[in-house]
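Visitor: This is the structure I have questions about; it appears just below.
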Amino acid sequence: MKVVIIGAGVVGVTTAYYLARSGHEVTVVEKETEAATLASAGNAGLIAPGHSFAWASPSAPKELLRSLTVDDTALRVNPFKAPGMMFWGLRFLRECNAERATKNTLVKLRLAQYSQRMLDQIAADEHIDYDDIHEGILYLYRNAKRFESGIEKMKLVQEHGQKQDVLDADGVVEAEPFLAPVKDKLAGAIYGVTDSSGDSVKFTRGVQAVCERMGSTFLLGKGVTKLSASGGKVRSATLQGGESLAADVFVLSAGVHSPKIARTVGVRLPIAPAKGYSATFPIKTNDGPQMRIGAVDEELLVAWCRIGDRLRMTSSAEFTGYETTYDDHDLRLIRKLASDLLPEAAEYDKGTYRACNRPMTPDGPPILGQAGPDNFYINSGHGHMGFTMACGSSRIVADLIDGKKPEIPVEGLMLTSRP
Ligand SMILES: Cc1cc2nc3c(=O)[nH]c(=O)nc-3n(C[C@H](O)[C@H](O)[C@H](O)COP(=O)(O)OP(=O)(O)OC[C@H]3O[C@@H](n4cnc5c(N)ncnc54)[C@H](O)[C@@H]3O)c2cc1C
């Protein structure tokens with residue numbers, strides 16, 4: 001079959017991979033001039049099923065409310081900049097109870113665990129080097145009381161197959177000797193032993209090259225302006241400049257821009273942008289221990305990992321519309337983390353920065369599978385975990401297109417099975 005995929009982030013490109021592998025004639029249309037330039041370029045590089053917790057939790061409304069008056073929250077909303085978010089916001093609030101948060105977390109966890117296996121398999125089968133590190137991820141706590149509640153919270157994912165160890169400050173330093181100089185600042189960590197990290201741009205472009213070798217076409221620098229449907233099927237995608245592309249199947253994986261494309265064929269996707277900040281610094285070389293393990297500071301909610309000879313750090317989740325501007329003040333959490341815990345890790349005067357938008361659904365899991373017209377498939381809304389969940393999602397969508405039963409249950413992932 002002829003398949004058109006809209007968007008060449010990590011999600012679109014891995015979808016192309018599975019469809020090309022099963023023999024389809026694949027064309028990927030991407031509005032930027034290269035693959036993986038938006039969210040897939042700015043992420044923290046963590047492949048972290050152990051961090052599958054849904055953002056819509058009982059504590060989220062209080063955190064969002066607090067962000068209206070104070071400056072130090074990682075989760076923030078600006079109602080003046082995100083006025084179109086009313087409907088999405090109400091759905092998010094509806095998910096903020098313990099029962100739904102648990103259910104949504106487990107849907108994400110199952111997908112993330114499957115996806116990590118698929119990612120490892122693609123990398124091994126196709127010999128893709130993406131500066132991957134398979135030494136776990138540290139979820140670090142600085143405050144004893146928060147550490148206690150972190151231990152309680154993490155039991156949920158442990159009970160569902162995540163191998164995690166509870167480490168005191170000595171244990172943290174044993175796992176990551178690089179943190180020895182700041183040991184006194186740490187209460188401890190949950191060590192997600194099987195979590196990993198890597199460069200999502202390198203991975204995506206590696207998979208793109210494999211797709212091209214299998215005969216897929218990448219139309220870069222060409223945005224889709226609308227889809228046209230008739231007789232219950234999408235017939236064509238119109239590109240900037242007026243060119244039109246026909247296909248048997250269309251897959252939408254345009255990240256935060258998916259909703260406006262879906263609307264042209266009458267499908268409403270509850271996906272909203274949550275802006276985050278991303279900084280990359282050259283690693284400082286010295287004779288001491290080298291940083292290996294990616295981590296999340298559970299206090300500031302800053303995440304980081306080593307990507308080759310660079311340190312990537314990310315922070316914040318702000319509901320402020322589609323803009324991706326930033327100023328020095330926006331980087332304050334990253335700077336604070338760097339000076340608190342990683343003062344000697346990198347050449348902080350040589351940073352490059354960006355802001356990008358996570359495609360968030362109100363409940364947390366991405367939206368996968370057919371929606372609206374018969375031949376229209378969605379693979380979008382992966383939120384804060386799209387690198388982790390991309391390969392599994394793409395395999396599921398490819399299996400659905402091929403009429404095969406996905407290898408894991410799709411309950412909670414299809415648009416039709418959502419509340
Ligand atoms: C600060 C930050 C930190 C993160 N950290 C992590 C992490 O550590 N681990 C993790 O798993 N995830 C993380 N994520 C999330 C992850 O990066 C995203 O979920 C993932 O990249 C989404 O991939 P995507 O392909 O759906 O979207 P994108 O990468 O945004 O790709 C969508 C593509 O669609 C294209 N497009 C849009 N409109 C059109 C159009 N009209 N026509 C054609 N093409 C179009 C865009 O140009 C873009 O290339 C993080 C995200 C952010 C922002």
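By convention here, the chains of the structure tokens are called A, B, ... in the order presented, each chain's residues are numbered starting at 1, and ligands are numbered starting at 1 in the order presented.
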Enumerate as number ranges by chain the residues within 7 Å of ligand 1, counting only C-alpha atoms and all ligand atoms.
Guide: A: 6-12, 29-32, 35-48, 222-225, 253-258, 261, 275-278, 303, 314-315, 355-359, 380-389
Visitor: Quick one: residues within 10 Å of A:His127, only C-alpha atoms counted, chain neighbours fewer than 4 positions away excluded, as a list in words?
Guide: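 With the cut-off at 10 Å, the set is Gln121, Ile122, Ala123, Gly206, Val207 and Val210 of chain A.
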Visitor: Take the residues that were just selected and, keeping C-alpha atoms, output them as a PDB file, in the first residue's frame.
Guide:
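The resulting file, result-v5.pdb, is reproduced below:
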ATOM      1  CA  GLN A 121      15.685  -4.205  18.866  1.00  0.00           C
ATOM      2  CA  ILE A 122      15.718  -1.597  16.087  1.00  0.00           C
ATOM      3  CA  ALA A 123      19.111  -0.310  17.265  1.00  0.00           C
ATOM      4  CA  GLY A 206      19.747   6.668  11.849  1.00  0.00           C
ATOM      5  CA  VAL A 207      16.296   5.125  11.402  1.00  0.00           C
ATOM      6  CA  VAL A 210      17.484   2.760   7.135  1.00  0.00           C
TER       7      VAL A 210
END
Visitor: Enter the distance from atom CA of A:Lys350 to atom CA of A:Tyr326, in Å, rounded to one decimal.
Guide: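 Between atom CA of A:Lys350 and atom CA of A:Tyr326 the gap is 17.2 Å.
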Visitor: I need the residue nearest A:Ile271 from this list: A:Leu301, A:Ile334, A:Leu167, A:Met360. Use only C-alpha atoms for the distance.
Guide: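 Of A:Leu301, A:Ile334, A:Leu167, A:Met360, the one nearest A:Ile271, counting only C-alpha atoms, is A:Met360.
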Visitor: Any chance you could tabulate, as a tab-separated table, the residues of stretch 264-337 of chain A at most 12 Å from stretch 235-252 of chain A with each one's nearest atom pair and distance in Å to one decimal, using only C-alpha atoms, in chain and rising number order?
Guide:
residue	atom	partner	partner_atom	distance
A:Thr264	CA	A:Ala237	CA	10.2
A:Val265	CA	A:Arg235	CA	10.4
A:Val267	CA	A:Leu252	CA	11.3
A:Leu269	CA	A:Leu252	CA	10.9
Visitor: Could you pull out the strand (DSSP E or B) residues of stretch 16-135 of chain A, going by DSSP on the backbone, and write them as an NGL selection string?
Guide: :A and (25-30 or 46-47 or 75-77 or 133)
Visitor: Could you write out that same residue set with C-alpha atoms as a CSV table (one decimal), in the first residue's frame?
Guide:
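Done, and the output landed in result.csv:
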chain,number,residue,atom,x,y,z
A,25,GLU,CA,5.5,2.3,-0.2
A,26,VAL,CA,6.2,5.0,2.4
A,27,THR,CA,6.4,8.8,1.9
A,28,VAL,CA,7.2,10.9,5.0
A,29,VAL,CA,6.3,14.6,4.6
A,30,GLU,CA,8.1,17.0,7.0
A,46,LEU,CA,16.0,9.5,28.9
A,47,ILE,CA,14.4,6.2,27.9
A,75,LEU,CA,4.7,22.8,36.1
A,76,ARG,CA,3.2,26.2,35.1
A,77,VAL,CA,0.2,27.7,33.3
A,133,ILE,CA,24.0,4.3,27.7
Visitor: Provide the atom CA of A:Glu298 to atom CA of A:Ile367 distance in Å, to one decimal place.
Guide: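 Atom CA of A:Glu298 sits 27.3 Å away from atom CA of A:Ile367.
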Visitor: Near A:Arg94, within 12 Å and counting only C-alpha atoms, which residues show up once chain neighbours fewer than 2 positions away are dropped, as number ranges by chain?
Guide: A: 56-58, 60-61, 87-92, 96-101, 362-363, 419
Visitor: Between A:Thr73, A:Thr15, A:Thr285, A:Thr204, single out the one closest to A:Leu400, counting only C-alpha atoms.
Guide: A:Thr15
